[in-house]
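Note: the block below is my_file-v3.cif and it holds mmCIF, C-alpha atoms, pLDDT in the B column; chains and numbers go by the auth columns.
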```cif
data_upload
loop_
_atom_site.group_PDB
_atom_site.id
_atom_site.type_symbol
_atom_site.label_atom_id
_atom_site.label_comp_id
_atom_site.label_asym_id
_atom_site.label_seq_id
_atom_site.Cartn_x
_atom_site.Cartn_y
_atom_site.Cartn_z
_atom_site.B_iso_or_equiv
_atom_site.auth_seq_id
_atom_site.auth_asym_id
ATOM 1 C CA MET A 1 47.381 -71.011 -32.525 71.00 27 D
ATOM 2 C CA ASP A 2 45.713 -67.669 -33.218 80.00 28 D
ATOM 3 C CA PHE A 3 43.000 -69.489 -35.192 85.00 29 D
ATOM 4 C CA LEU A 4 41.793 -71.214 -31.997 84.00 30 D
ATOM 5 C CA ILE A 5 41.096 -67.843 -30.422 89.00 31 D
ATOM 6 C CA LYS A 6 39.507 -66.506 -33.610 90.00 32 D
ATOM 7 C CA GLU A 7 36.953 -69.352 -33.230 89.00 33 D
ATOM 8 C CA LEU A 8 35.848 -67.692 -29.985 89.00 34 D
ATOM 9 C CA ASP A 9 35.708 -64.194 -31.467 92.00 35 D
ATOM 10 C CA LYS A 10 37.407 -62.813 -34.574 94.00 36 D
ATOM 11 C CA ASP A 11 38.245 -59.564 -32.741 94.00 37 D
ATOM 12 C CA TYR A 12 40.727 -61.250 -30.355 95.00 38 D
ATOM 13 C CA ASP A 13 44.440 -61.880 -30.773 95.00 39 D
ATOM 14 C CA VAL A 14 46.899 -64.086 -28.913 96.00 40 D
ATOM 15 C CA ILE A 15 49.418 -62.009 -26.970 95.00 41 D
ATOM 16 C CA ASP A 16 51.228 -64.949 -25.371 96.00 42 D
ATOM 17 C CA LEU A 17 51.033 -68.740 -25.298 96.00 43 D
ATOM 18 C CA LYS A 18 52.462 -71.069 -22.676 96.00 44 D
ATOM 19 C CA ASN A 19 52.431 -74.824 -23.246 95.00 45 D
ATOM 20 C CA LYS A 20 52.972 -76.301 -19.790 93.00 46 D
ATOM 21 C CA LYS A 21 53.146 -79.932 -18.723 92.00 47 D
ATOM 22 C CA ASP A 22 49.448 -80.268 -17.880 91.00 48 D
ATOM 23 C CA LYS A 23 47.854 -77.153 -19.378 95.00 49 D
ATOM 24 C CA ILE A 24 47.930 -74.620 -22.187 96.00 50 D
ATOM 25 C CA VAL A 25 47.564 -70.947 -21.281 97.00 51 D
ATOM 26 C CA PHE A 26 46.626 -68.293 -23.846 97.00 52 D
ATOM 27 C CA THR A 27 46.910 -64.617 -23.006 97.00 53 D
ATOM 28 C CA ILE A 28 44.497 -62.793 -25.277 97.00 54 D
ATOM 29 C CA SER A 29 43.195 -59.294 -25.920 96.00 55 D
ATOM 30 C CA THR A 30 40.659 -57.702 -28.202 95.00 56 D
ATOM 31 C CA ASN A 31 41.902 -55.646 -31.130 93.00 57 D
ATOM 32 C CA LYS A 32 38.909 -53.281 -30.983 93.00 58 D
ATOM 33 C CA SER A 33 39.593 -49.589 -30.466 92.00 59 D
ATOM 34 C CA SER A 34 36.148 -48.512 -29.277 94.00 60 D
ATOM 35 C CA PHE A 35 33.505 -50.053 -27.040 95.00 61 D
ATOM 36 C CA ILE A 36 29.765 -49.598 -26.507 95.00 62 D
ATOM 37 C CA CYS A 37 28.605 -48.562 -23.033 96.00 63 D
ATOM 38 C CA PRO A 38 26.102 -51.228 -21.858 94.00 64 D
ATOM 39 C CA TYR A 39 24.170 -48.570 -19.928 95.00 65 D
ATOM 40 C CA CYS A 40 23.649 -45.823 -22.521 96.00 66 D
ATOM 41 C CA SER A 41 24.782 -47.510 -25.791 96.00 67 D
ATOM 42 C CA GLN A 42 27.247 -44.735 -26.672 96.00 68 D
ATOM 43 C CA SER A 43 30.617 -45.614 -28.176 95.00 69 D
ATOM 44 C CA SER A 44 33.788 -44.779 -26.278 95.00 70 D
ATOM 45 C CA SER A 45 37.497 -45.323 -26.844 94.00 71 D
ATOM 46 C CA LYS A 46 38.887 -43.713 -23.678 96.00 72 D
ATOM 47 C CA ILE A 47 40.566 -46.425 -21.588 96.00 73 D
ATOM 48 C CA HIS A 48 40.444 -46.115 -17.803 96.00 74 D
ATOM 49 C CA SER A 49 42.573 -49.168 -16.883 97.00 75 D
ATOM 50 C CA TYR A 50 43.363 -52.797 -17.639 96.00 76 D
ATOM 51 C CA TYR A 51 42.789 -55.936 -15.602 96.00 77 D
ATOM 52 C CA TYR A 52 43.193 -59.660 -16.266 96.00 78 D
ATOM 53 C CA ARG A 53 40.579 -62.421 -16.101 95.00 79 D
ATOM 54 C CA GLU A 54 41.363 -66.130 -16.095 97.00 80 D
ATOM 55 C CA VAL A 55 38.785 -68.509 -17.559 97.00 81 D
ATOM 56 C CA GLN A 56 38.828 -72.169 -18.480 96.00 82 D
ATOM 57 C CA ASP A 57 38.150 -73.257 -22.062 95.00 83 D
ATOM 58 C CA LEU A 58 37.767 -76.609 -23.813 94.00 84 D
ATOM 59 C CA PRO A 59 40.792 -78.919 -23.453 94.00 85 D
ATOM 60 C CA ILE A 60 43.411 -79.022 -26.198 92.00 86 D
ATOM 61 C CA MET A 61 45.613 -82.078 -26.834 90.00 87 D
ATOM 62 C CA ASN A 62 44.228 -83.670 -23.646 89.00 88 D
ATOM 63 C CA LYS A 63 45.446 -80.705 -21.576 94.00 89 D
ATOM 64 C CA GLN A 64 43.403 -78.157 -19.676 94.00 90 D
ATOM 65 C CA SER A 65 43.302 -74.843 -21.480 95.00 91 D
ATOM 66 C CA PHE A 66 42.951 -71.440 -19.900 97.00 92 D
ATOM 67 C CA LEU A 67 42.496 -67.956 -21.280 97.00 93 D
ATOM 68 C CA ILE A 68 44.068 -64.998 -19.532 98.00 94 D
ATOM 69 C CA ILE A 69 42.004 -62.136 -20.938 97.00 95 D
ATOM 70 C CA LYS A 70 43.466 -58.647 -20.892 97.00 96 D
ATOM 71 C CA SER A 71 40.272 -56.694 -20.253 95.00 97 D
ATOM 72 C CA ARG A 72 39.692 -52.990 -20.305 96.00 98 D
ATOM 73 C CA LYS A 73 37.746 -50.675 -18.080 97.00 99 D
ATOM 74 C CA ILE A 74 36.473 -47.802 -20.219 97.00 100 D
ATOM 75 C CA PHE A 75 35.292 -44.279 -19.447 97.00 101 D
ATOM 76 C CA CYS A 76 31.782 -43.576 -20.691 96.00 102 D
ATOM 77 C CA GLN A 77 31.990 -40.263 -22.545 94.00 103 D
ATOM 78 C CA ASN A 78 28.255 -39.603 -22.401 95.00 104 D
ATOM 79 C CA LYS A 79 27.784 -36.947 -19.719 94.00 105 D
ATOM 80 C CA ALA A 80 24.115 -37.936 -19.354 96.00 106 D
ATOM 81 C CA CYS A 81 24.991 -41.558 -18.508 95.00 107 D
ATOM 82 C CA ASN A 82 24.723 -42.539 -14.828 94.00 108 D
ATOM 83 C CA HIS A 83 27.894 -44.663 -15.081 95.00 109 D
ATOM 84 C CA LYS A 84 31.319 -43.079 -15.376 96.00 110 D
ATOM 85 C CA THR A 85 33.055 -46.336 -16.344 96.00 111 D
ATOM 86 C CA PHE A 86 32.144 -49.764 -17.669 96.00 112 D
ATOM 87 C CA SER A 87 33.971 -53.027 -18.228 94.00 113 D
ATOM 88 C CA GLU A 88 34.653 -54.542 -21.611 93.00 114 D
ATOM 89 C CA GLN A 89 32.191 -57.346 -22.388 91.00 115 D
ATOM 90 C CA HIS A 90 33.414 -60.597 -23.960 94.00 116 D
ATOM 91 C CA THR A 91 31.062 -62.324 -26.410 92.00 117 D
ATOM 92 C CA PHE A 92 32.249 -65.819 -25.467 95.00 118 D
ATOM 93 C CA LEU A 93 31.642 -65.404 -21.705 94.00 119 D
ATOM 94 C CA SER A 94 28.685 -64.792 -19.474 90.00 120 D
ATOM 95 C CA ARG A 95 29.086 -61.984 -16.956 85.00 121 D
ATOM 96 C CA ASN A 96 31.551 -62.990 -14.186 88.00 122 D
ATOM 97 C CA ALA A 97 31.924 -66.494 -15.692 91.00 123 D
ATOM 98 C CA LYS A 98 34.967 -68.651 -14.971 93.00 124 D
ATOM 99 C CA LYS A 99 34.373 -70.901 -17.999 94.00 125 D
ATOM 100 C CA THR A 100 33.763 -70.054 -21.669 95.00 126 D
ATOM 101 C CA ASN A 101 30.266 -70.466 -23.121 94.00 127 D
ATOM 102 C CA ARG A 102 31.451 -73.323 -25.344 93.00 128 D
ATOM 103 C CA LEU A 103 32.874 -75.179 -22.327 94.00 129 D
ATOM 104 C CA MET A 104 29.616 -74.645 -20.415 92.00 130 D
ATOM 105 C CA GLU A 105 27.686 -76.085 -23.384 92.00 131 D
ATOM 106 C CA HIS A 106 29.976 -79.125 -23.388 92.00 132 D
ATOM 107 C CA ILE A 107 29.398 -79.645 -19.663 91.00 133 D
ATOM 108 C CA LEU A 108 25.612 -79.373 -20.155 90.00 134 D
ATOM 109 C CA LEU A 109 25.650 -81.866 -23.034 89.00 135 D
ATOM 110 C CA THR A 110 27.742 -84.294 -21.001 88.00 136 D
ATOM 111 C CA SER A 111 25.444 -84.016 -17.985 86.00 137 D
ATOM 112 C CA ALA A 112 22.234 -84.421 -20.010 83.00 138 D
ATOM 113 C CA GLU A 113 22.175 -88.216 -19.671 80.00 139 D
ATOM 114 C CA LEU A 114 24.325 -88.763 -16.584 84.00 140 D
ATOM 115 C CA SER A 115 24.109 -87.963 -12.895 85.00 141 D
ATOM 116 C CA SER A 116 26.115 -85.003 -11.645 84.00 142 D
ATOM 117 C CA VAL A 117 28.592 -87.424 -10.021 88.00 143 D
ATOM 118 C CA GLY A 118 28.978 -89.432 -13.249 89.00 144 D
ATOM 119 C CA SER A 119 29.294 -86.266 -15.320 89.00 145 D
ATOM 120 C CA SER A 120 31.917 -84.854 -12.973 89.00 146 D
ATOM 121 C CA LYS A 121 34.012 -88.030 -13.240 90.00 147 D
ATOM 122 C CA LEU A 122 33.726 -88.156 -17.037 90.00 148 D
ATOM 123 C CA LEU A 123 34.614 -84.460 -17.378 91.00 149 D
ATOM 124 C CA HIS A 124 37.552 -84.902 -14.994 89.00 150 D
ATOM 125 C CA ASN A 125 38.868 -87.628 -17.323 88.00 151 D
ATOM 126 C CA GLU A 126 38.669 -85.046 -20.142 89.00 152 D
ATOM 127 C CA ASN A 127 40.729 -82.600 -18.009 86.00 153 D
ATOM 128 C CA ILE A 128 37.765 -80.334 -17.334 90.00 154 D
ATOM 129 C CA SER A 129 37.271 -78.968 -13.813 87.00 155 D
ATOM 130 C CA ALA A 130 33.571 -79.327 -13.042 87.00 156 D
ATOM 131 C CA GLY A 131 32.412 -80.506 -9.646 87.00 157 D
ATOM 132 C CA LYS A 132 29.023 -82.138 -9.070 87.00 158 D
ATOM 133 C CA SER A 133 27.557 -79.078 -7.305 88.00 159 D
ATOM 134 C CA MET A 134 28.637 -76.804 -10.182 87.00 160 D
ATOM 135 C CA ILE A 135 26.993 -79.209 -12.646 88.00 161 D
ATOM 136 C CA CYS A 136 23.756 -79.243 -10.598 86.00 162 D
ATOM 137 C CA GLU A 137 23.657 -75.426 -10.520 85.00 163 D
ATOM 138 C CA LEU A 138 24.324 -75.236 -14.264 85.00 164 D
ATOM 139 C CA VAL A 139 21.543 -77.719 -15.040 83.00 165 D
ATOM 140 C CA LYS A 140 19.100 -75.798 -12.795 82.00 166 D
ATOM 141 C CA LYS A 141 19.940 -72.473 -14.473 82.00 167 D
ATOM 142 C CA ASN A 142 19.486 -73.961 -17.937 79.00 168 D
ATOM 143 C CA ALA A 143 16.323 -76.006 -17.332 70.00 169 D
ATOM 144 C CA THR A 144 13.678 -74.952 -19.846 60.00 170 D
ATOM 145 C CA SER A 145 10.771 -77.055 -18.656 46.00 171 D
ATOM 146 C CA CYS A 146 9.971 -79.650 -16.040 44.00 172 D
ATOM 147 C CA GLY A 147 7.251 -81.661 -17.672 41.00 173 D
#
```
Now, as a test, write the supplied structure out as structure tokens.
Amino acid sequence: MDFLIKELDKDYDVIDLKNKKDKIVFTISTNKSSFICPYCSQSSSKIHSYYYREVQDLPIMNKQSFLIIKSRKIFCQNKACNHKTFSEQHTFLSRNAKKTNRLMEHILLTSAELSSVGSSKLLHNENISAGKSMICELVKKNATSCG
């Protein structure tokens, strides 16, 4: 199942996999050894701590799928930088997101021709948690033009 995670980002590996009755849970971590500070662009490999993030991904075998991401907090080693630490950034997630970018794209495509209520029902049948208010907010954020 490692190949499913490599589709998200080739630098990630599966640490653990749990196939439960109604969902599949991947615990993943990056295999990178150094990270770029988003504030000063200097590379650093000094780990401050670890924390876990849980995000929803596209369903697999008609089951909800979740990623438990082992994330790192890193010390910035640039003394001139205003930030002492920074969090590892994940290419397949927006900042503070609870769903992967590919799942968000799927939700947007589904809601393109349906109402938020209709989209929510259809997505629920696909085992995707997306309420009508979340769909409305997503559509508003991603609107490119209104005319």
- [ ] Step by step, work through what the PyMOL selection byres ((chain D and resi 127) around 12) selects in the shown file, and finish by giving those residues as a PyMOL selection string.
- [x] chain D and resi 34-35+81-84+116-126+128-134+164
Selection to disk with C-alpha atoms, as a PDB file, in the coordinates of the input:
```
ATOM      1  CA  LEU D  34      35.848 -67.692 -29.985  1.00 89.00           C
ATOM      2  CA  ASP D  35      35.708 -64.194 -31.467  1.00 92.00           C
ATOM      3  CA  VAL D  81      38.785 -68.509 -17.559  1.00 97.00           C
ATOM      4  CA  GLN D  82      38.828 -72.169 -18.480  1.00 96.00           C
ATOM      5  CA  ASP D  83      38.150 -73.257 -22.062  1.00 95.00           C
ATOM      6  CA  LEU D  84      37.767 -76.609 -23.813  1.00 94.00           C
ATOM      7  CA  HIS D 116      33.414 -60.597 -23.960  1.00 94.00           C
ATOM      8  CA  THR D 117      31.062 -62.324 -26.410  1.00 92.00           C
ATOM      9  CA  PHE D 118      32.249 -65.819 -25.467  1.00 95.00           C
ATOM     10  CA  LEU D 119      31.642 -65.404 -21.705  1.00 94.00           C
ATOM     11  CA  SER D 120      28.685 -64.792 -19.474  1.00 90.00           C
ATOM     12  CA  ARG D 121      29.086 -61.984 -16.956  1.00 85.00           C
ATOM     13  CA  ASN D 122      31.551 -62.990 -14.186  1.00 88.00           C
ATOM     14  CA  ALA D 123      31.924 -66.494 -15.692  1.00 91.00           C
ATOM     15  CA  LYS D 124      34.967 -68.651 -14.971  1.00 93.00           C
ATOM     16  CA  LYS D 125      34.373 -70.901 -17.999  1.00 94.00           C
ATOM     17  CA  THR D 126      33.763 -70.054 -21.669  1.00 95.00           C
ATOM     18  CA  ARG D 128      31.451 -73.323 -25.344  1.00 93.00           C
ATOM     19  CA  LEU D 129      32.874 -75.179 -22.327  1.00 94.00           C
ATOM     20  CA  MET D 130      29.616 -74.645 -20.415  1.00 92.00           C
ATOM     21  CA  GLU D 131      27.686 -76.085 -23.384  1.00 92.00           C
ATOM     22  CA  HIS D 132      29.976 -79.125 -23.388  1.00 92.00           C
ATOM     23  CA  ILE D 133      29.398 -79.645 -19.663  1.00 91.00           C
ATOM     24  CA  LEU D 134      25.612 -79.373 -20.155  1.00 90.00           C
ATOM     25  CA  LEU D 164      24.324 -75.236 -14.264  1.00 85.00           C
TER      26      LEU D 164
END
```
Counting all atoms listed in the file, give me one row per residue of segment 55-90 of chain D with an atom at most 10 Å from an atom of segment 96-115 of chain D, showing the shortest contact pair and its distance in Å to one decimal, sorted by chain then residue number, as a tab-separated table.
```
residue	atom	partner	partner_atom	distance
D:Ser55	CA	D:Lys96	CA	5.1
D:Thr56	CA	D:Lys96	CA	7.9
D:Ser60	CA	D:Ile100	CA	9.1
D:Phe61	CA	D:Glu114	CA	7.1
D:Ile62	CA	D:Glu114	CA	8.5
D:Cys63	CA	D:Cys102	CA	6.4
D:Pro64	CA	D:Phe112	CA	7.5
D:Tyr65	CA	D:Cys107	CA	7.2
D:Cys66	CA	D:Cys107	CA	6.0
D:Ser67	CA	D:Asn104	CA	9.3
D:Gln68	CA	D:Asn104	CA	6.8
D:Ser69	CA	D:Cys102	CA	7.8
D:Ser70	CA	D:Cys102	CA	6.1
D:Ser71	CA	D:Ile100	CA	7.1
D:Lys72	CA	D:Phe101	CA	5.6
D:Ile73	CA	D:Ile100	CA	4.5
D:His74	CA	D:Ile100	CA	4.9
D:Ser75	CA	D:Lys99	CA	5.2
D:Tyr76	CA	D:Arg98	CA	4.5
D:Tyr77	CA	D:Ser97	CA	5.3
D:Tyr78	CA	D:Lys96	CA	4.7
D:Arg79	CA	D:Lys96	CA	6.7
D:Glu80	CA	D:Lys96	CA	9.1
```
Q. Between D:Thr136, D:Asn57, D:Ser145, D:Ser155, which is the closest to Phe92 of chain D once you count only C-alpha atoms?
A.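 The closest residue to Phe92 of chain D is D:Ser155.
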Notebook entry, point to check: D:Leu43, D:Ala138, D:Leu93, D:Leu149: which is nearest Ala169 of chain D, counting all atoms listed in the file?
Noted result: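 Closest candidate: D:Ala138.
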| request: Have a look at atom CA of Ser146 of chain D and atom CA of Cys162 of chain D and let me know their distance in Å, one decimal. | output: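 Atom-to-atom, atom CA of Ser146 of chain D and atom CA of Cys162 of chain D are spaced 10.2 Å apart.
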Tell me, counting only C-alpha atoms, for each residue of segment 73-113 of chain D within 9 Å of segment 44-51 of chain D, which pair of atoms is nearest and how far apart they are in Å to one decimal, in rows ordered by chain and increasing number, as CSV.
```
residue,atom,partner,partner_atom,distance
D:Pro85,CA,D:Lys49,CA,8.3
D:Ile86,CA,D:Ile50,CA,7.5
D:Asn88,CA,D:Asp48,CA,8.5
D:Lys89,CA,D:Lys49,CA,4.8
D:Gln90,CA,D:Lys49,CA,4.6
D:Ser91,CA,D:Ile50,CA,4.7
D:Phe92,CA,D:Val51,CA,4.8
D:Leu93,CA,D:Val51,CA,5.9
D:Ile94,CA,D:Val51,CA,7.1
```
Fill in: Selected residue, from D:Ile41, D:Val143, D:Ile31, D:Ile95, that lies nearest to Lys158 of chain D when counting only C-alpha atoms
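The shortest atom-to-atom distance to Lys158 of chain D comes from D:Val143.
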ask   = Interatomic distance between atom CA of Phe29 of chain D and atom CA of Ser59 of chain D?
value =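 Computed distance, atom CA of Phe29 of chain D to atom CA of Ser59 of chain D, equals 20.7 Å.
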